[in-house]
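Peer 1: Once you've had a glance at the structure underneath, I'll fire off some questions.
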Amino acid sequence: MRGLWLLLLFLAACRAQSLPEPFAALERGDTASLRQVALGGGGYASLLAGWALVGRAEVPLAEQAEYAWRYALFLEEVRAFEPGWEAEAAWRVAAPLLEAAKDPRAFSAWTRLLPAEEAAIALLRLGEGEGLYQALFRGRAYEAFLRVLPEGKRPDLRAQALYRLGRYEEALPHYRAWAREDPRGYLGLGYALWRLGRREEALEAFARSPYPEARYAEGLLLEEMGRLEEALLRYREGPPEGLWRATGLLERLGRKAEALPLYLALARGKSPYADDAALRAYLLAGELGNKEARQEAYARLEGGLGLLVGKAPDPPPKAKEAPPPEVLPLVEALARAGKGAWARGEVRYALWRRPEDWPALVPLLYRLGAYREGIRAAWPTDLAYPRPYRAWVEAYARQEGLDPDLLFALLHVESRFDPRAVSPTGALGLAQFLSSTWADVARMLGEAPADPLDPERAIRYAARYLAWLLERCGAFAGMERVACALTAYNGGIGYTLRGVAREGSLLAFLRFQERDEPREYLAQVLSAYAAYKAIPSPP
């Protein structure tokens, strides 16, 4: 009897973990089963089945090309953050297949692979005329573009291509030809002349362009030439970047009362400088005794920077309630069967087909570990602020005397909780450490460097490093101390403390630091911190 019960339990477990159709057909892998799934309609399984048929000699070439196109297009549009989901690799398969099948979509497929030389050569085989010129230019295949473009055609594109290749002298006649047809050409002409050291001619070119970007360019060049009053006039007529530059220049000249209305003008807009400008206007208005301006600046101070003056931003809007998604049973079945990648694929497919269903699908992405995609879909609601790795975050935060919500905010901004994240500069893991800093923290902990892609180790190292930075910022208190440490996390402690010493205060350094990235980073982490503080932590 006991043996019978064990057999029944074994059979029940097998049934619980068996793959549902059509995924069972994928597992079998024979061509007949795969074609049945691939041709049987929509769904993630049909895309996978079609992709599995690519390269099988018994499948017609046109059919293979169709499967490859569908799969590559899906990967491109889904933009998943997971190894094996890179659209470029799929396009490298799809493009030559489509060309061999004489499918007109081959041209579009090859454009996805520009500026690779093989893609440029393929486009030269397949295209002609304006469509070819535009594709090569947009794909940054500038050398191929210049070879094929007939003389006298599209001086605008030719000038820009030469400029981007660093061939400024050659670009000049084409910029002039463009400018005769369209005043936008004068802006590029000015920059090319500036690159060649012909500054007076560059100023003349900029002056002939009616666009705000040209006023900003004039301002930069005039400032470089030491003609500050003229630069200020141009900056005031330029885009938000110009106003931001003008405010800094006015403050450096001791003309804070002139800078204040420009800061307020920026704070009223929607540019990336709005929150920084509101903070600076608030501080300047207090220094100048302008109560009305100070009140307006405080009212307009949105985002995390408000924490520096005691103003918490509004909590993120709540995501709407949603019933369980239709795909839930299938996703759970795949997860139980140990097919997590397929389960994530089903959720991605559902979100791709019906993006309006994100409130129901984002929690599934989180359950499956796809936090970056879930946050992107749920932004900017409260659902975009999950608390993954909670036990580790809270334990290591307590160990280092940190607020767990601050550590959650830092990881949210650094990697969106993706333990495999790799930045263009080589920063790795949840906390985005460079190898040199990772080794420094390992020495602080008295151990050999651990694996930066290990999520628990990354959280432990981030907590230790952030606590160390807070110690180094001990000259400050409250949120200024936090702001000092966060800026140092991004820009380096030496960069931060030297800048504070140079400017005389932390808040002055935050305004006049030479890099934009630490300034934006601080605002992002403080905004996330405020959001986490506003969202109750689940029990």
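Just remember, in the structure tokens the first chain shown is A, the second B, etc., residues are 1-based per chain, and ligands are 1-based in the order shown.
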Using only C-alpha atoms, which protein or nucleic acid residues come within 12 Å of Pro20 in chain A? Drop anything in the same chain fewer than 2 positions from it, and give the result as a VMD selection string.
Peer 2: chain A and resid 15 to 18 22 to 27 45 329 to 337 339 342 to 343
Peer 1: Applying 10 Å and only C-alpha atoms, which residues near Ala285 in chain A remain after dropping the ones on its own chain fewer than 2 positions away? List them as a list in words.
Peer 2: Lys256, Ala257, Leu260, Pro261, Leu279, Arg280, Ala281, Tyr282, Leu283, Glu287, Leu288, Gly289, Asn290, Lys291, Glu292, Ala293, Arg294, Gln295, Glu296 and Ala297 of chain A
Peer 1: Quick one: write out the picked residues with all heavy atoms as a short mmCIF file (atom, residue, chain, number, x, y, z; two decimals), in the first residue's frame?
Peer 2:
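This is the output file out.cif:
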```cif
data_model
loop_
_atom_site.label_atom_id
_atom_site.label_comp_id
_atom_site.auth_asym_id
_atom_site.auth_seq_id
_atom_site.Cartn_x
_atom_site.Cartn_y
_atom_site.Cartn_z
N LYS A 256 23.60 88.19 -8.59
CA LYS A 256 22.61 87.21 -8.19
C LYS A 256 21.18 87.71 -8.41
O LYS A 256 20.29 86.92 -8.75
CB LYS A 256 22.82 86.81 -6.74
CG LYS A 256 24.15 86.10 -6.50
CD LYS A 256 24.31 85.70 -5.04
CE LYS A 256 25.64 84.93 -4.84
NZ LYS A 256 25.83 84.52 -3.44
N ALA A 257 20.95 89.00 -8.22
CA ALA A 257 19.61 89.54 -8.42
C ALA A 257 19.17 89.40 -9.88
O ALA A 257 17.98 89.22 -10.15
CB ALA A 257 19.57 91.01 -7.99
N LEU A 260 18.23 85.53 -10.48
CA LEU A 260 17.02 85.00 -9.85
C LEU A 260 15.84 84.88 -10.82
O LEU A 260 15.22 83.80 -10.90
CB LEU A 260 16.65 85.84 -8.63
CG LEU A 260 15.39 85.43 -7.87
CD1 LEU A 260 15.48 83.97 -7.41
CD2 LEU A 260 15.15 86.35 -6.68
N PRO A 261 15.47 85.93 -11.58
CA PRO A 261 14.32 85.76 -12.48
C PRO A 261 14.56 84.72 -13.58
O PRO A 261 13.61 84.08 -14.05
CB PRO A 261 14.11 87.17 -13.07
CG PRO A 261 15.38 87.90 -12.83
CD PRO A 261 15.97 87.31 -11.59
N LEU A 279 15.30 74.90 -6.96
CA LEU A 279 16.08 74.84 -5.73
C LEU A 279 17.01 76.04 -5.62
O LEU A 279 17.09 76.69 -4.57
CB LEU A 279 16.90 73.55 -5.69
CG LEU A 279 17.90 73.41 -4.54
CD1 LEU A 279 17.17 73.41 -3.19
CD2 LEU A 279 18.74 72.15 -4.69
N ARG A 280 17.70 76.37 -6.71
CA ARG A 280 18.63 77.50 -6.65
C ARG A 280 17.90 78.81 -6.47
O ARG A 280 18.36 79.70 -5.75
CB ARG A 280 19.47 77.52 -7.94
CG ARG A 280 20.70 78.39 -7.83
CD ARG A 280 21.66 77.86 -6.80
NE ARG A 280 22.79 78.76 -6.57
CZ ARG A 280 23.62 78.67 -5.55
NH1 ARG A 280 23.45 77.72 -4.65
NH2 ARG A 280 24.61 79.51 -5.41
N ALA A 281 16.72 78.96 -7.10
CA ALA A 281 15.94 80.18 -6.93
C ALA A 281 15.49 80.33 -5.48
O ALA A 281 15.50 81.43 -4.91
CB ALA A 281 14.72 80.16 -7.86
N TYR A 282 15.10 79.22 -4.87
CA TYR A 282 14.69 79.25 -3.46
C TYR A 282 15.84 79.73 -2.58
O TYR A 282 15.65 80.58 -1.70
CB TYR A 282 14.23 77.85 -3.05
CG TYR A 282 13.86 77.72 -1.60
CD1 TYR A 282 12.59 78.08 -1.15
CD2 TYR A 282 14.77 77.23 -0.67
CE1 TYR A 282 12.25 77.96 0.19
CE2 TYR A 282 14.44 77.09 0.67
CZ TYR A 282 13.18 77.47 1.10
OH TYR A 282 12.85 77.36 2.42
N LEU A 283 17.02 79.20 -2.81
CA LEU A 283 18.17 79.58 -1.99
C LEU A 283 18.57 81.03 -2.24
O LEU A 283 18.85 81.78 -1.30
CB LEU A 283 19.34 78.65 -2.28
CG LEU A 283 19.12 77.17 -1.94
CD1 LEU A 283 20.24 76.31 -2.50
CD2 LEU A 283 18.98 76.98 -0.44
N GLU A 287 18.56 84.36 0.27
CA GLU A 287 19.76 85.17 0.46
C GLU A 287 19.51 86.64 0.14
O GLU A 287 20.04 87.53 0.81
CB GLU A 287 20.86 84.62 -0.44
CG GLU A 287 22.23 85.22 -0.22
CD GLU A 287 23.28 84.58 -1.12
OE1 GLU A 287 23.14 83.38 -1.43
OE2 GLU A 287 24.21 85.29 -1.52
N LEU A 288 18.65 86.90 -0.86
CA LEU A 288 18.37 88.28 -1.28
C LEU A 288 17.18 88.90 -0.54
O LEU A 288 16.86 90.07 -0.76
CB LEU A 288 18.09 88.31 -2.78
CG LEU A 288 19.25 87.89 -3.69
CD1 LEU A 288 18.76 87.71 -5.13
CD2 LEU A 288 20.37 88.92 -3.64
N GLY A 289 16.52 88.09 0.30
CA GLY A 289 15.37 88.61 1.04
C GLY A 289 14.14 88.82 0.20
O GLY A 289 13.28 89.64 0.55
N ASN A 290 14.00 88.10 -0.91
CA ASN A 290 12.86 88.24 -1.80
C ASN A 290 11.83 87.17 -1.44
O ASN A 290 11.87 86.04 -1.93
CB ASN A 290 13.31 88.10 -3.25
CG ASN A 290 12.22 88.46 -4.25
OD1 ASN A 290 11.04 88.26 -3.98
ND2 ASN A 290 12.63 88.97 -5.40
N LYS A 291 10.87 87.53 -0.58
CA LYS A 291 9.91 86.54 -0.07
C LYS A 291 9.00 86.01 -1.16
O LYS A 291 8.68 84.82 -1.19
CB LYS A 291 9.08 87.17 1.06
CG LYS A 291 9.88 87.49 2.31
CD LYS A 291 8.97 88.05 3.40
CE LYS A 291 9.77 88.37 4.66
NZ LYS A 291 8.91 88.95 5.72
N GLU A 292 8.56 86.89 -2.05
CA GLU A 292 7.64 86.46 -3.10
C GLU A 292 8.30 85.44 -4.03
O GLU A 292 7.72 84.40 -4.35
CB GLU A 292 7.19 87.67 -3.91
CG GLU A 292 6.16 87.34 -4.98
CD GLU A 292 5.69 88.57 -5.74
OE1 GLU A 292 5.93 89.70 -5.24
OE2 GLU A 292 5.10 88.40 -6.82
N ALA A 293 9.54 85.72 -4.42
CA ALA A 293 10.26 84.78 -5.28
C ALA A 293 10.53 83.48 -4.55
O ALA A 293 10.47 82.39 -5.14
CB ALA A 293 11.56 85.41 -5.76
N ARG A 294 10.83 83.58 -3.28
CA ARG A 294 11.11 82.37 -2.49
C ARG A 294 9.87 81.49 -2.41
O ARG A 294 9.95 80.26 -2.54
CB ARG A 294 11.58 82.77 -1.09
CG ARG A 294 12.09 81.62 -0.23
CD ARG A 294 12.66 82.20 1.06
NE ARG A 294 13.03 81.20 2.03
CZ ARG A 294 14.21 80.58 2.09
NH1 ARG A 294 15.13 80.86 1.19
NH2 ARG A 294 14.48 79.69 3.03
N GLN A 295 8.70 82.10 -2.23
CA GLN A 295 7.46 81.32 -2.17
C GLN A 295 7.17 80.64 -3.50
O GLN A 295 6.77 79.48 -3.54
CB GLN A 295 6.30 82.24 -1.78
CG GLN A 295 6.34 82.69 -0.33
CD GLN A 295 5.26 83.73 -0.02
OE1 GLN A 295 4.61 84.26 -0.92
NE2 GLN A 295 5.09 84.03 1.26
N GLU A 296 7.39 81.38 -4.60
CA GLU A 296 7.15 80.78 -5.90
C GLU A 296 8.11 79.62 -6.16
O GLU A 296 7.71 78.56 -6.64
CB GLU A 296 7.29 81.80 -7.03
CG GLU A 296 7.02 81.16 -8.40
CD GLU A 296 7.24 82.08 -9.57
OE1 GLU A 296 7.43 83.29 -9.37
OE2 GLU A 296 7.22 81.58 -10.73
N ALA A 297 9.38 79.83 -5.81
CA ALA A 297 10.37 78.78 -6.03
C ALA A 297 10.03 77.53 -5.23
O ALA A 297 10.12 76.41 -5.73
CB ALA A 297 11.76 79.29 -5.66
#
```
Peer 1: Which polymer residues have any atom within 10 Å of an atom of range 222-239 of chain A, counting only C-alpha atoms, with same-chain residues fewer than 2 positions away left out, as a list in words?
Peer 2: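 Surrounding residues, per the criterion: Arg199, Glu200, Leu203, Ala207, Tyr211, Pro212, Glu213, Ala214, Arg215, Tyr216, Ala217, Glu218, Gly219, Leu220, Glu241, Gly242, Leu243, Trp244, Arg245, Ala246, Thr247, Leu249, Leu250, Leu253, Leu262, Leu266 and Ser271 of chain A.
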Peer 1: Please provide the set of residues having any atom within 12 Å of Ile121 in chain A, restricted to only C-alpha atoms, with same-chain residues fewer than 5 positions apart removed, written as number ranges by chain.
Peer 2: A: 96, 107, 110-111, 113-116, 126-127, 132, 136, 141, 143-145, 147-148
Peer 1: Keeping only all heavy atoms, write the selected residues as a compact mmCIF listing (two decimals), in the first residue's frame.
Peer 2:
```
# COMPACT_ATOMS: atom_id res chain seq x y z
N PRO A 96 19.95 38.07 -43.93
CA PRO A 96 20.35 37.30 -45.12
C PRO A 96 19.29 36.31 -45.57
O PRO A 96 19.18 36.02 -46.78
CB PRO A 96 21.64 36.60 -44.67
CG PRO A 96 21.65 36.65 -43.19
CD PRO A 96 20.87 37.85 -42.80
N PHE A 107 15.55 44.75 -46.98
CA PHE A 107 16.16 46.07 -46.87
C PHE A 107 15.99 46.60 -45.45
O PHE A 107 16.94 47.08 -44.82
CB PHE A 107 15.53 47.02 -47.88
CG PHE A 107 16.19 48.37 -47.96
CD1 PHE A 107 17.25 48.59 -48.83
CD2 PHE A 107 15.77 49.41 -47.15
CE1 PHE A 107 17.87 49.83 -48.89
CE2 PHE A 107 16.37 50.66 -47.20
CZ PHE A 107 17.43 50.87 -48.08
N TRP A 110 18.22 44.68 -42.95
CA TRP A 110 19.64 45.06 -42.98
C TRP A 110 19.88 46.42 -42.35
O TRP A 110 20.94 46.66 -41.76
CB TRP A 110 20.15 45.06 -44.43
CG TRP A 110 20.51 43.71 -44.97
CD1 TRP A 110 19.92 43.05 -46.00
CD2 TRP A 110 21.57 42.85 -44.52
NE1 TRP A 110 20.52 41.84 -46.23
CE2 TRP A 110 21.56 41.69 -45.33
CE3 TRP A 110 22.53 42.95 -43.51
CZ2 TRP A 110 22.45 40.64 -45.16
CZ3 TRP A 110 23.44 41.90 -43.34
CH2 TRP A 110 23.39 40.77 -44.16
N THR A 111 18.90 47.34 -42.44
CA THR A 111 19.11 48.65 -41.82
C THR A 111 19.30 48.52 -40.31
O THR A 111 19.98 49.35 -39.71
CB THR A 111 17.92 49.60 -42.09
OG1 THR A 111 16.73 49.07 -41.50
CG2 THR A 111 17.73 49.84 -43.57
N LEU A 113 21.10 46.56 -38.82
CA LEU A 113 22.47 46.13 -38.52
C LEU A 113 23.51 47.19 -38.87
O LEU A 113 24.71 46.94 -38.73
CB LEU A 113 22.75 44.82 -39.26
CG LEU A 113 21.87 43.65 -38.82
CD1 LEU A 113 22.02 42.49 -39.78
CD2 LEU A 113 22.21 43.22 -37.40
N LEU A 114 23.07 48.33 -39.38
CA LEU A 114 24.01 49.42 -39.64
C LEU A 114 24.58 49.95 -38.32
O LEU A 114 23.93 49.85 -37.28
CB LEU A 114 23.28 50.56 -40.37
CG LEU A 114 22.89 50.27 -41.82
CD1 LEU A 114 22.00 51.39 -42.35
CD2 LEU A 114 24.12 50.11 -42.71
N PRO A 115 25.80 50.47 -38.30
CA PRO A 115 26.66 50.76 -39.45
C PRO A 115 27.62 49.65 -39.84
O PRO A 115 28.64 49.92 -40.47
CB PRO A 115 27.44 51.98 -38.96
CG PRO A 115 27.61 51.72 -37.50
CD PRO A 115 26.35 51.04 -37.05
N ALA A 116 27.32 48.39 -39.48
CA ALA A 116 28.22 47.30 -39.84
C ALA A 116 28.43 47.28 -41.36
O ALA A 116 27.50 47.49 -42.14
CB ALA A 116 27.63 45.96 -39.39
N LEU A 126 20.59 46.27 -52.50
CA LEU A 126 19.13 46.18 -52.49
C LEU A 126 18.42 47.50 -52.76
O LEU A 126 17.25 47.49 -53.17
CB LEU A 126 18.66 45.65 -51.13
CG LEU A 126 19.10 44.23 -50.76
CD1 LEU A 126 18.75 43.92 -49.32
CD2 LEU A 126 18.43 43.23 -51.70
N GLY A 127 19.07 48.62 -52.48
CA GLY A 127 18.36 49.88 -52.52
C GLY A 127 18.94 50.86 -53.52
O GLY A 127 20.01 50.66 -54.09
N LEU A 132 17.70 54.78 -49.98
CA LEU A 132 19.04 54.28 -49.66
C LEU A 132 19.85 55.33 -48.94
O LEU A 132 20.50 55.05 -47.93
CB LEU A 132 19.75 53.85 -50.94
CG LEU A 132 21.22 53.44 -50.81
CD1 LEU A 132 21.35 52.22 -49.90
CD2 LEU A 132 21.82 53.17 -52.18
N LEU A 136 21.29 54.81 -45.04
CA LEU A 136 22.72 54.81 -44.70
C LEU A 136 23.06 55.95 -43.75
O LEU A 136 23.85 55.78 -42.81
CB LEU A 136 23.55 54.94 -45.99
CG LEU A 136 23.51 53.74 -46.94
CD1 LEU A 136 24.19 54.08 -48.25
CD2 LEU A 136 24.17 52.51 -46.29
N ALA A 141 26.26 54.94 -41.36
CA ALA A 141 27.22 54.34 -42.30
C ALA A 141 27.69 55.46 -43.23
O ALA A 141 27.41 55.47 -44.44
CB ALA A 141 26.57 53.21 -43.07
N GLU A 143 30.63 56.60 -44.46
CA GLU A 143 31.54 56.39 -45.58
C GLU A 143 30.79 55.80 -46.77
O GLU A 143 30.96 56.26 -47.92
CB GLU A 143 32.69 55.47 -45.16
CG GLU A 143 33.62 56.05 -44.09
CD GLU A 143 34.56 57.11 -44.65
OE1 GLU A 143 34.43 57.47 -45.84
OE2 GLU A 143 35.42 57.59 -43.89
N ALA A 144 29.96 54.80 -46.54
CA ALA A 144 29.18 54.21 -47.63
C ALA A 144 28.19 55.24 -48.20
O ALA A 144 27.98 55.32 -49.42
CB ALA A 144 28.43 52.98 -47.14
N PHE A 145 27.61 56.02 -47.32
CA PHE A 145 26.68 57.06 -47.76
C PHE A 145 27.36 58.05 -48.70
O PHE A 145 26.83 58.40 -49.75
CB PHE A 145 26.12 57.77 -46.53
CG PHE A 145 25.44 59.07 -46.83
CD1 PHE A 145 24.17 59.10 -47.36
CD2 PHE A 145 26.08 60.28 -46.59
CE1 PHE A 145 23.54 60.31 -47.65
CE2 PHE A 145 25.46 61.48 -46.87
CZ PHE A 145 24.19 61.50 -47.40
N ARG A 147 29.98 57.59 -50.52
CA ARG A 147 30.38 56.95 -51.78
C ARG A 147 29.24 56.88 -52.77
O ARG A 147 29.43 57.00 -53.98
CB ARG A 147 30.92 55.54 -51.52
CG ARG A 147 32.30 55.48 -50.89
CD ARG A 147 32.91 54.10 -51.04
NE ARG A 147 32.10 53.04 -50.48
CZ ARG A 147 32.19 52.63 -49.22
NH1 ARG A 147 33.07 53.20 -48.39
NH2 ARG A 147 31.44 51.64 -48.78
N VAL A 148 28.02 56.69 -52.26
CA VAL A 148 26.90 56.44 -53.16
C VAL A 148 26.12 57.71 -53.49
O VAL A 148 25.41 57.75 -54.51
CB VAL A 148 25.97 55.37 -52.54
CG1 VAL A 148 25.17 55.93 -51.38
CG2 VAL A 148 25.06 54.77 -53.59
```
Peer 1: Write out as a ChimeraX atom specification the residues lying within 10 Å of Gly369 in chain A, counting only C-alpha atoms and excluding same-chain residues fewer than 3 positions away.
Peer 2: /A:340,344,363-366,372-374,388,417-419
Peer 1: In Å, how far is it from CA of Ala523 in chain A to CA of Lys318 in chain A?
Peer 2: 21.3 Å
Peer 1: Extract, using only C-alpha atoms, all DNA, RNA and protein residues at most 8 Å from Cys473 in chain A, discarding same-chain residues fewer than 6 positions from it, and format them as a list in words.
Peer 2: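 Returned residues: Arg481, Cys484 and Ala485 of chain A.
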Peer 1: DSSP on the backbone: which residues in range 395-429 of chain A end up as helix (DSSP H, G or I)? Give the answer as a PyMOL selection string.
Peer 2: chain A and resi 395-400+404-415
Peer 1: Can you list, as a PyMOL selection string, every protein, DNA or RNA residue that comes within 10 Å of Ala90 in chain A when you count only C-alpha atoms, leaving out same-chain residues fewer than 4 positions away?
Peer 2: chain A and resi 51+68-76+84-86+94-95+109
Peer 1: Between CA of Ala377 in chain A and CA of Lys311 in chain A, what distance in Å does the model show, to one decimal?
Peer 2: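 Going from CA of Ala377 in chain A over to CA of Lys311 in chain A, I get 27.9 Å.
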